[in-house]
Every structure is written in C-alpha cells, then in structure tokens.
$ cat entry-v6.txt   # compact mmCIF, C-alpha atoms
# COMPACT_ATOMS: atom_id res chain seq x y z
CA MET D 1111 60.87 102.09 -85.23
CA THR D 1112 60.78 99.55 -82.41
CA THR D 1113 63.85 98.44 -80.51
CA ALA D 1114 64.52 94.70 -80.40
CA ALA D 1115 64.13 93.09 -77.01
CA THR D 1116 67.29 92.05 -75.21
CA GLN D 1117 65.88 88.54 -74.84
CA THR D 1118 62.80 86.64 -75.93
CA LEU D 1119 60.83 83.96 -74.13
CA ASP D 1120 58.45 81.58 -75.83
CA ALA D 1121 55.91 80.51 -73.22
CA ARG D 1122 53.28 79.38 -75.71
CA GLY D 1123 51.56 76.13 -74.78
CA LEU D 1124 52.37 76.61 -71.09
CA ASN D 1125 49.73 77.05 -68.44
CA CYS D 1126 49.62 78.86 -65.08
CA PRO D 1127 51.97 79.39 -63.29
CA LEU D 1128 54.69 78.41 -65.80
CA PRO D 1129 54.60 81.62 -67.91
CA ILE D 1130 55.24 83.68 -64.77
CA LEU D 1131 57.90 81.37 -63.40
CA ARG D 1132 59.73 81.25 -66.73
CA THR D 1133 59.44 85.04 -67.05
CA LYS D 1134 60.97 85.50 -63.61
CA LYS D 1135 63.77 83.08 -64.48
CA ALA D 1136 64.51 84.89 -67.74
CA LEU D 1137 64.52 88.29 -66.04
CA ASN D 1138 67.07 87.01 -63.52
CA THR D 1139 69.59 86.69 -66.34
CA LEU D 1140 69.09 90.29 -67.55
CA ASN D 1141 70.53 93.59 -66.37
CA PRO D 1142 68.39 96.48 -65.15
CA GLY D 1143 66.97 98.37 -68.14
CA ASP D 1144 67.11 95.32 -70.42
CA THR D 1145 63.88 94.18 -72.04
CA LEU D 1146 62.27 90.78 -72.27
CA ALA D 1147 59.71 89.90 -74.94
CA VAL D 1148 57.34 87.17 -73.80
CA GLN D 1149 54.94 85.21 -76.01
CA ALA D 1150 52.17 83.26 -74.29
CA SER D 1151 48.98 81.43 -75.18
CA ASP D 1152 47.48 81.18 -71.70
CA PRO D 1153 44.66 83.78 -71.45
CA GLY D 1154 45.32 84.05 -67.72
CA SER D 1155 48.81 85.35 -68.43
CA VAL D 1156 47.40 88.78 -69.40
CA LYS D 1157 46.37 89.60 -65.84
CA ASP D 1158 49.14 87.51 -64.29
CA ILE D 1159 51.94 89.32 -66.12
CA GLN D 1160 50.37 92.66 -65.14
CA ALA D 1161 50.23 91.60 -61.50
CA PHE D 1162 53.75 90.20 -61.66
CA CYS D 1163 55.15 93.48 -63.00
CA GLN D 1164 53.21 95.50 -60.45
CA GLN D 1165 54.51 93.40 -57.56
CA THR D 1166 58.11 93.17 -58.70
CA GLY D 1167 58.55 96.75 -59.92
CA ASN D 1168 59.42 95.71 -63.47
CA GLU D 1169 57.85 97.81 -66.19
CA LEU D 1170 55.24 96.31 -68.50
CA VAL D 1171 56.07 98.31 -71.61
CA SER D 1172 53.40 96.76 -73.81
CA SER D 1173 50.82 93.98 -73.86
CA ASN D 1174 49.19 92.80 -77.08
CA ASP D 1175 46.53 90.23 -77.86
CA ALA D 1176 46.81 88.80 -81.36
CA GLY D 1177 43.85 86.47 -81.51
CA GLY D 1178 44.64 84.02 -78.73
CA GLU D 1179 48.38 84.69 -78.63
CA TYR D 1180 49.68 87.28 -76.25
CA ALA D 1181 52.86 89.32 -76.52
CA PHE D 1182 54.39 91.23 -73.64
CA LEU D 1183 57.41 93.47 -73.42
CA ILE D 1184 58.88 93.86 -69.96
CA ARG D 1185 61.69 96.20 -68.91
CA LYS D 1186 63.69 94.94 -65.96
CA ALA D 1187 63.77 97.31 -63.01
CA MET N 690 46.97 124.65 -4.59
CA THR N 691 49.27 123.45 -7.33
CA ALA N 692 49.60 125.36 -10.59
CA ALA N 693 48.01 123.92 -13.77
CA VAL N 694 50.47 122.09 -16.00
CA GLN N 695 51.46 124.20 -18.97
CA THR N 696 51.01 121.90 -21.96
CA ASP N 697 51.40 124.54 -24.64
CA PRO N 698 54.45 126.67 -24.04
CA ALA N 699 54.35 130.16 -25.41
CA GLY N 700 54.83 130.22 -29.14
CA PHE N 701 54.04 126.52 -29.63
CA ASP N 702 51.61 126.07 -32.51
CA LYS N 703 49.79 122.83 -31.80
CA ALA N 704 47.88 122.79 -35.11
CA LEU N 705 51.11 123.17 -37.06
CA PHE N 706 52.72 120.42 -35.03
CA ASP N 707 49.76 118.10 -35.64
CA GLN N 708 49.96 118.74 -39.37
CA TRP N 709 53.72 118.06 -39.38
CA PHE N 710 53.21 114.90 -37.36
CA ASP N 711 50.44 113.58 -39.64
CA GLU N 712 52.50 114.19 -42.76
CA ARG N 713 55.57 112.61 -41.22
CA PHE N 714 53.57 109.62 -40.01
CA GLN N 715 51.99 109.16 -43.44
CA HIS N 716 55.43 109.33 -45.07
CA LYS N 717 56.92 106.82 -42.64
CA MET N 718 54.00 104.42 -43.16
CA GLU N 719 54.41 104.63 -46.94
CA GLU N 720 58.14 104.04 -46.57
CA ARG N 721 57.47 101.02 -44.41
CA GLU N 722 54.93 99.65 -46.88
CA ALA N 723 57.35 100.09 -49.78
CA ASN N 724 60.15 98.29 -47.95
CA HIS N 725 57.97 95.48 -46.67
CA ILE N 726 58.66 92.06 -48.18
CA PRO N 727 55.41 90.07 -48.16
CA SER N 728 55.62 86.62 -46.66
CA MET N 729 53.52 83.47 -46.87
CA THR N 730 53.46 80.17 -45.06
CA ILE N 731 51.57 77.13 -46.29
CA ILE N 732 50.79 73.94 -44.43
CA ALA N 733 50.56 71.06 -46.90
CA THR N 734 48.83 68.01 -45.49
CA LYS N 735 47.63 66.02 -48.50
CA GLY N 736 49.55 63.55 -50.60
CA THR N 737 47.36 63.06 -53.67
CA LEU N 738 48.27 64.35 -57.12
CA ASP N 739 45.45 66.90 -57.27
CA MET N 740 46.19 68.24 -53.81
CA ALA N 741 49.92 68.49 -54.52
CA TYR N 742 49.36 71.29 -57.02
CA PRO N 743 47.97 74.15 -54.87
CA PRO N 744 50.88 74.41 -52.40
CA PHE N 745 53.55 74.26 -55.11
CA ILE N 746 51.74 76.60 -57.52
CA LEU N 747 51.10 79.20 -54.82
CA ALA N 748 54.53 78.90 -53.26
CA ALA N 749 56.46 79.10 -56.53
CA THR N 750 54.35 82.00 -57.81
CA ALA N 751 54.64 83.96 -54.57
CA ALA N 752 58.41 83.46 -54.59
CA ALA N 753 58.50 84.70 -58.20
CA LEU N 754 56.70 87.82 -57.00
CA GLY N 755 59.49 88.36 -54.52
CA TRP N 756 57.68 87.03 -51.45
CA ASP N 757 59.36 85.17 -48.65
CA VAL N 758 57.74 81.71 -48.65
CA ALA N 759 57.90 78.62 -46.46
CA VAL N 760 55.85 75.44 -46.85
CA PHE N 761 55.46 73.03 -43.95
CA PHE N 762 54.84 69.48 -45.15
CA THR N 763 53.15 67.34 -42.59
CA PHE N 764 51.31 64.00 -42.50
CA TYR N 765 50.52 62.83 -46.06
CA GLY N 766 51.85 66.12 -47.38
CA LEU N 767 55.33 64.90 -46.56
CA ASN N 768 55.06 62.50 -49.52
CA LEU N 769 55.35 65.54 -51.80
CA LEU N 770 58.99 65.83 -50.78
CA LYS N 771 59.99 62.28 -51.67
CA LYS N 772 62.66 61.71 -54.30
CA ASP N 773 60.42 59.33 -56.20
CA LEU N 774 56.98 60.81 -56.52
CA ASP N 775 54.25 58.28 -57.12
CA LEU N 776 51.25 60.53 -56.58
CA LYS N 777 47.79 59.42 -57.53
CA ILE N 778 44.38 61.01 -57.66
CA SER N 779 41.68 59.46 -55.58
CA PRO N 780 38.18 59.35 -57.05
CA LEU N 781 36.90 58.13 -53.66
CA GLY N 782 35.14 60.94 -51.85
CA ASN N 783 35.96 63.31 -54.69
CA PRO N 784 32.67 63.59 -56.61
CA ALA N 785 33.57 67.01 -58.05
CA MET N 786 36.41 65.47 -60.05
CA PRO N 787 35.51 65.52 -63.74
CA PHE N 788 36.24 62.34 -65.66
CA LYS N 789 37.31 63.11 -69.22
CA LEU N 790 39.32 61.14 -71.74
CA PRO N 791 42.64 62.67 -72.81
CA THR N 792 42.47 61.07 -76.27
CA GLY N 793 39.84 60.61 -78.97
CA PRO N 794 37.71 63.07 -80.89
CA GLN N 795 37.34 66.61 -79.51
CA TRP N 796 33.68 66.13 -78.52
CA LEU N 797 34.57 63.05 -76.49
CA ARG N 798 37.50 64.79 -74.77
CA GLU N 799 35.20 67.61 -73.76
CA THR N 800 32.51 65.28 -72.41
CA ASN N 801 32.43 64.60 -68.70
CA LEU N 802 31.76 60.87 -68.52
CA PRO N 803 28.95 60.18 -66.07
CA ILE N 804 30.62 57.41 -64.10
CA PRO N 805 29.21 57.05 -60.57
CA ASN N 806 31.72 57.94 -57.85
CA LEU N 807 31.07 54.63 -56.12
CA LEU N 808 32.11 52.75 -59.26
CA MET N 809 35.18 54.95 -59.79
CA ALA N 810 36.26 54.42 -56.22
CA GLY N 811 35.45 50.72 -56.00
CA LEU N 812 36.64 49.34 -59.32
CA PRO N 813 40.11 47.78 -58.99
CA GLY N 814 42.66 49.63 -61.10
CA PHE N 815 40.42 52.64 -61.68
CA GLU N 816 42.64 54.88 -59.57
CA SER N 817 45.64 54.13 -61.80
CA ILE N 818 43.64 54.73 -64.98
CA ALA N 819 42.26 58.02 -63.66
CA THR N 820 45.78 59.10 -62.60
CA HIS N 821 47.17 58.22 -66.02
CA PHE N 822 44.41 60.19 -67.77
CA MET N 823 44.90 63.17 -65.49
CA LYS N 824 48.66 63.24 -66.09
CA GLN N 825 48.14 63.01 -69.84
CA THR N 826 45.57 65.83 -69.82
CA MET N 827 47.87 68.02 -67.74
CA GLN N 828 50.74 67.46 -70.14
CA GLN N 829 48.53 68.30 -73.12
CA LYS N 830 47.33 71.50 -71.45
CA GLY N 831 50.86 72.68 -70.64
CA VAL N 832 50.48 72.24 -66.88
CA ALA N 833 53.79 71.60 -65.13
CA SER N 834 54.45 68.28 -63.44
CA ILE N 835 54.81 68.29 -59.66
CA GLU N 836 58.51 67.48 -60.04
CA GLU N 837 59.01 70.55 -62.25
CA LEU N 838 56.98 72.83 -60.00
CA ARG N 839 58.90 71.62 -56.97
CA GLU N 840 62.18 72.26 -58.70
CA LEU N 841 61.08 75.75 -59.72
CA ALA N 842 59.91 76.45 -56.17
CA VAL N 843 63.30 75.46 -54.77
CA GLU N 844 65.05 77.55 -57.42
CA ALA N 845 62.88 80.54 -56.53
CA GLY N 846 63.93 80.27 -52.89
CA VAL N 847 60.85 78.62 -51.34
CA LYS N 848 61.79 77.04 -48.02
CA LEU N 849 60.55 73.45 -47.93
CA VAL N 850 60.11 72.50 -44.29
CA ALA N 851 59.50 68.87 -43.35
CA CYS N 852 57.64 67.73 -40.27
CA GLN N 853 59.99 65.63 -38.15
CA MET N 854 57.10 64.10 -36.21
CA THR N 855 55.63 62.66 -39.43
CA VAL N 856 58.98 61.10 -40.31
CA ASP N 857 59.02 59.36 -36.94
CA LEU N 858 55.32 58.47 -37.11
CA PHE N 859 55.53 56.70 -40.46
CA THR N 860 59.11 55.49 -39.90
CA TYR N 861 60.44 57.14 -43.04
CA GLU N 862 64.13 57.44 -43.84
CA LYS N 863 65.49 60.91 -44.47
CA SER N 864 67.31 59.48 -47.49
CA ASP N 865 63.89 58.92 -49.15
CA PHE N 866 63.50 62.68 -49.49
CA ILE N 867 64.99 65.30 -51.79
CA PRO N 868 68.11 67.02 -50.49
CA ASP N 869 66.58 70.49 -50.93
CA ILE N 870 64.63 70.35 -47.67
CA HIS N 871 65.38 73.52 -45.74
CA ASP N 872 64.75 72.09 -42.28
CA TRP N 873 63.28 69.18 -40.34
CA VAL N 874 61.26 70.64 -37.52
CA GLY N 875 58.23 70.30 -35.29
CA ALA N 876 55.18 72.52 -34.94
CA ALA N 877 56.84 74.72 -32.32
CA SER N 878 59.52 75.74 -34.79
CA PHE N 879 57.14 76.38 -37.67
CA LEU N 880 54.44 78.32 -35.84
CA PRO N 881 56.60 81.40 -35.13
CA LEU N 882 57.20 81.66 -38.90
CA ALA N 883 53.48 81.44 -39.54
CA GLN N 884 52.79 84.02 -36.84
CA LYS N 885 54.80 86.65 -38.66
CA ALA N 886 53.61 85.80 -42.18
CA ASP N 887 51.19 88.03 -44.08
CA VAL N 888 49.41 85.03 -45.57
CA ASN N 889 48.84 81.63 -43.97
CA LEU N 890 47.25 78.80 -45.88
CA PHE N 891 46.26 75.28 -44.87
CA VAL N 892 46.06 72.91 -47.82

$ encode --input "entry-v6.txt" --output "structure tokens"
Amino acid sequence: MTTAATQTLDARGLNCPLPILRTKKALNTLNPGDTLAVQASDPGSVKDIQAFCQQTGNELVSSNDAGGEYAFLIRKA
Amino acid sequence: MTAAVQTDPAGFDKALFDQWFDERFQHKMEEREANHIPSMTIIATKGTLDMAYPPFILAATAAALGWDVAVFFTFYGLNLLKKDLDLKISPLGNPAMPFKLPTGPQWLRETNLPIPNLLMAGLPGFESIATHFMKQTMQQKGVASIEELRELAVEAGVKLVACQMTVDLFTYEKSDFIPDIHDWVGAASFLPLAQKADVNLFV
C-alpha cells in the first residue's frame, strides 16, 4: 500500500528550469517529512530533480518513467 | 655549546599524535564542506532576448539549490531589469540561430529554413518577425518568459545588482526599473562579492 503524497505538483508541459523552480516553491510550503509528488514531461527533469535533491538534502523517494511522463516523490528534509 | 632542543618529550608518541591530527583535520574539513553555502556571481552584459535567458536560468536555479546568488547587470544587460521588457533577438552576427516556424505542419516546424544571415539581418522588420516566432516557440515548448524567470529569481532570493555607471552613461531613470533591485553600485562594490564566490560567470 502506498501513502498519498502530502501535495502534488503538475509540471507537465514545462521546460527547464521551471520544473525545479516550481518544485522548490512547492516544497517551501511543506513541513519537514512531508512528501511532494511531481509530474513532469521534460526529459531533463530526471537528472535535474536528482541533482536538486542531492544539493538540497531532500530525499528522492522514487523516480518513475512512464513513457515520456516522469513521476517523482520527494520527502522534504 | 648549547644543548639540542628536545622536540619529543619523554612519553610523547608522535605517530599517534599525527594520526589523531589527520583524523581531526579530515573531520573538520568535512564539517566545513557540509556547512558551506555555495555562492555564484554572474555579470550580465547583453540585452537581447536570447542572451537574457542564461543569467536568469542559472541564477534562479542556483538559488533553488540553496546557493547564494548575485547578478550584476551592466551595459546592455541593465535592460533586463526594466519594468517594461521589450527584448528582441538579433539575427545580425548570430549565424548559429536556427530559423524555424512556430506554426504549420510538423515537418515544416522542424525544418531549419535556410535564410542567409545577411538577409535576416538586413531585411526591415525581420528582427520583429524573428522575435515573435521565437517567443511563440518558447511558449509552445513550456519555456518561461523572461518576466516570469526574473520574478522567480527574485522570489528565490537572487540579488539583482544594477550598475550605477550604466545608468549615468545612458541617462536612464531609476523609475524605469523594477523595484526589486538589491543595490545600485559600481565595479568596486561588486568585485569583492565576486572574489568570494565559488562560481563567477560573465554572460
């Protein structure tokens, strides 16, 4: 059973660096330990979200590619 | 004759001390690295639409990563801080710029039209058409406008620093610019920031 994310962000149709900037903005509204589910269509977001989480200390819980659409689950540090 | 200096008192284990020191040093360096906030300074000198993107994209992204960022806008780069942005792309001297139509069938949109640079640059009104096409393509591809990127950069804490000399040189009014400008300074005030930054870019 998967737990629902605290908040979701639809970043589909947006290109670099908007998915990252919107993700950062959404995370600002969450409390530590909360999760954010991000949907994106920019192929560059796969590596960018990884790098973002690595730099900011947030945890990238999962990253899935569903045929050109990408889903990420991030836990706020 | 003077006695030799005793560097190792009785009972002092130099090897053990060296090991302790190395470990402690390593630990302190790691601690310092973990607490270090990366910083970046950018010098933005161009005022065309295409050259407006790199400083704002890099600055806003770095700030989102938690970096401390300042951008110094000087010469034509100062135009990027105006309230009313009327940025254009310039085909003149820009032969690498692809020329593609934002509308029409897919094959046509993907075709780079072989228009000579001299014609693009010399034909009256071509600059406006090219700018219009570029803006339309960017919107279709989900690329942020400069206004949006600038707003996001300010929101993320990027310090927008304007060059006072350029204001005087081109006799601009401060009221022409957005109110989010962090400071109006000269090179002597900006350089110490750049000196301490981890990354310095000139755009």

$ interface_residues --input "entry-v6.txt" --of "chain N" --to "chain D" --cutoff "12 Å" --atoms "only C-alpha atoms" --output "number ranges by chain"
N: 723, 725-727, 742-743, 745-756, 827-835, 837-846

$ atom_distance --input "entry-v6.txt" --atom1 "atom CA of Ala886 of chain N" --atom2 "atom CA of Val850 of chain N"
15.0 Å

$ residues_near_point --input "entry-v6.txt" --point "(66.4, 92.3, -79.7)" --cutoff "9 Å" --atoms "only C-alpha atoms" --output "PDB file with C-alpha atoms, in the frame of the given file"
ATOM      1  CA  THR D1113      63.850  98.440 -80.510  1.00  0.00           C
ATOM      2  CA  ALA D1114      64.520  94.700 -80.400  1.00  0.00           C
ATOM      3  CA  ALA D1115      64.130  93.090 -77.010  1.00  0.00           C
ATOM      4  CA  THR D1116      67.290  92.050 -75.210  1.00  0.00           C
ATOM      5  CA  GLN D1117      65.880  88.540 -74.840  1.00  0.00           C
ATOM      6  CA  THR D1118      62.800  86.640 -75.930  1.00  0.00           C
ATOM      7  CA  THR D1145      63.880  94.180 -72.040  1.00  0.00           C
ATOM      8  CA  LEU D1146      62.270  90.780 -72.270  1.00  0.00           C
ATOM      9  CA  ALA D1147      59.710  89.900 -74.940  1.00  0.00           C
TER      10      ALA D1147
END

$ atom_distance --input "entry-v6.txt" --atom1 "atom CA of Asn1138 of chain D" --atom2 "atom CA of Ala1187 of chain D"
10.8 Å

$ atom_distance --input "entry-v6.txt" --atom1 "atom CA of Glu712 of chain N" --atom2 "atom CA of Asn724 of chain N"
18.4 Å

$ residues_around --input "entry-v6.txt" --residues "segment 732-734 of chain N" --least-positions-apart "4" --cutoff "9 Å" --atoms "only C-alpha atoms" --output "PyMOL selection string"
chain N and resi 740-741+743-744+759-767+769+889-892

$ write_last_selection --input "entry-v6.txt" --atoms "C-alpha atoms" --output "PDB file, in the frame of the given file"
ATOM      1  CA  MET N 740      46.190  68.240 -53.810  1.00  0.00           C
ATOM      2  CA  ALA N 741      49.920  68.490 -54.520  1.00  0.00           C
ATOM      3  CA  PRO N 743      47.970  74.150 -54.870  1.00  0.00           C
ATOM      4  CA  PRO N 744      50.880  74.410 -52.400  1.00  0.00           C
ATOM      5  CA  ALA N 759      57.900  78.620 -46.460  1.00  0.00           C
ATOM      6  CA  VAL N 760      55.850  75.440 -46.850  1.00  0.00           C
ATOM      7  CA  PHE N 761      55.460  73.030 -43.950  1.00  0.00           C
ATOM      8  CA  PHE N 762      54.840  69.480 -45.150  1.00  0.00           C
ATOM      9  CA  THR N 763      53.150  67.340 -42.590  1.00  0.00           C
ATOM     10  CA  PHE N 764      51.310  64.000 -42.500  1.00  0.00           C
ATOM     11  CA  TYR N 765      50.520  62.830 -46.060  1.00  0.00           C
ATOM     12  CA  GLY N 766      51.850  66.120 -47.380  1.00  0.00           C
ATOM     13  CA  LEU N 767      55.330  64.900 -46.560  1.00  0.00           C
ATOM     14  CA  LEU N 769      55.350  65.540 -51.800  1.00  0.00           C
ATOM     15  CA  ASN N 889      48.840  81.630 -43.970  1.00  0.00           C
ATOM     16  CA  LEU N 890      47.250  78.800 -45.880  1.00  0.00           C
ATOM     17  CA  PHE N 891      46.260  75.280 -44.870  1.00  0.00           C
ATOM     18  CA  VAL N 892      46.060  72.910 -47.820  1.00  0.00           C
TER      19      VAL N 892
END

$ residues_around --input "entry-v6.txt" --residues "Leu790 of chain N" --least-positions-apart "4" --cutoff "12 Å" --atoms "all atoms listed in the file" --output "short mmCIF file (atom, residue, chain, number, x, y, z; two decimals) with C-alpha atoms, in the frame of the given file"
data_model
loop_
_atom_site.label_atom_id
_atom_site.label_comp_id
_atom_site.auth_asym_id
_atom_site.auth_seq_id
_atom_site.Cartn_x
_atom_site.Cartn_y
_atom_site.Cartn_z
CA PRO N 794 37.71 63.07 -80.89
CA GLN N 795 37.34 66.61 -79.51
CA TRP N 796 33.68 66.13 -78.52
CA LEU N 797 34.57 63.05 -76.49
CA ARG N 798 37.50 64.79 -74.77
CA GLU N 799 35.20 67.61 -73.76
CA THR N 800 32.51 65.28 -72.41
CA ASN N 801 32.43 64.60 -68.70
CA LEU N 802 31.76 60.87 -68.52
CA PRO N 803 28.95 60.18 -66.07
CA ILE N 818 43.64 54.73 -64.98
CA ALA N 819 42.26 58.02 -63.66
CA THR N 820 45.78 59.10 -62.60
CA HIS N 821 47.17 58.22 -66.02
CA PHE N 822 44.41 60.19 -67.77
CA MET N 823 44.90 63.17 -65.49
CA LYS N 824 48.66 63.24 -66.09
CA GLN N 825 48.14 63.01 -69.84
CA THR N 826 45.57 65.83 -69.82
CA MET N 827 47.87 68.02 -67.74
CA GLN N 829 48.53 68.30 -73.12
#

$ closest_residue --input "entry-v6.txt" --among "N:Asp865, N:Gln853, N:Pro813, N:Asn768" --to "Ser878 of chain N" --atoms "all atoms listed in the file"
N:Gln853

$ residues_near_point --input "entry-v6.txt" --point "(59.3, 85.8, -46.3)" --cutoff "6 Å" --atoms "only C-alpha atoms" --output "list of chain:residue names"
N:Ser728, N:Trp756, N:Asp757, N:Val758

$ residues_around --input "entry-v6.txt" --residues "Ser1173 of chain D" --least-positions-apart "2" --cutoff "8 Å" --atoms "all atoms listed in the file" --output "VMD selection string"
chain D and resid 1156 1170 to 1171 1175 1180 to 1183

$ closest_residue --input "entry-v6.txt" --among "D:Ile1159, D:Gly1177, D:Pro1129, D:Asn1168" --to "Asp1144 of chain D" --atoms "only C-alpha atoms"
D:Asn1168

$ closest_residue --input "entry-v6.txt" --among "D:Gln1160, D:Ala1136, D:Ala1150, D:Asp1120" --to "Ala1176 of chain D" --atoms "only C-alpha atoms"
D:Ala1150

$ closest_residue --input "entry-v6.txt" --among "N:Glu836, N:Met786, N:Pro780, N:Arg721" --to "Gly814 of chain N" --atoms "only C-alpha atoms"
N:Pro780
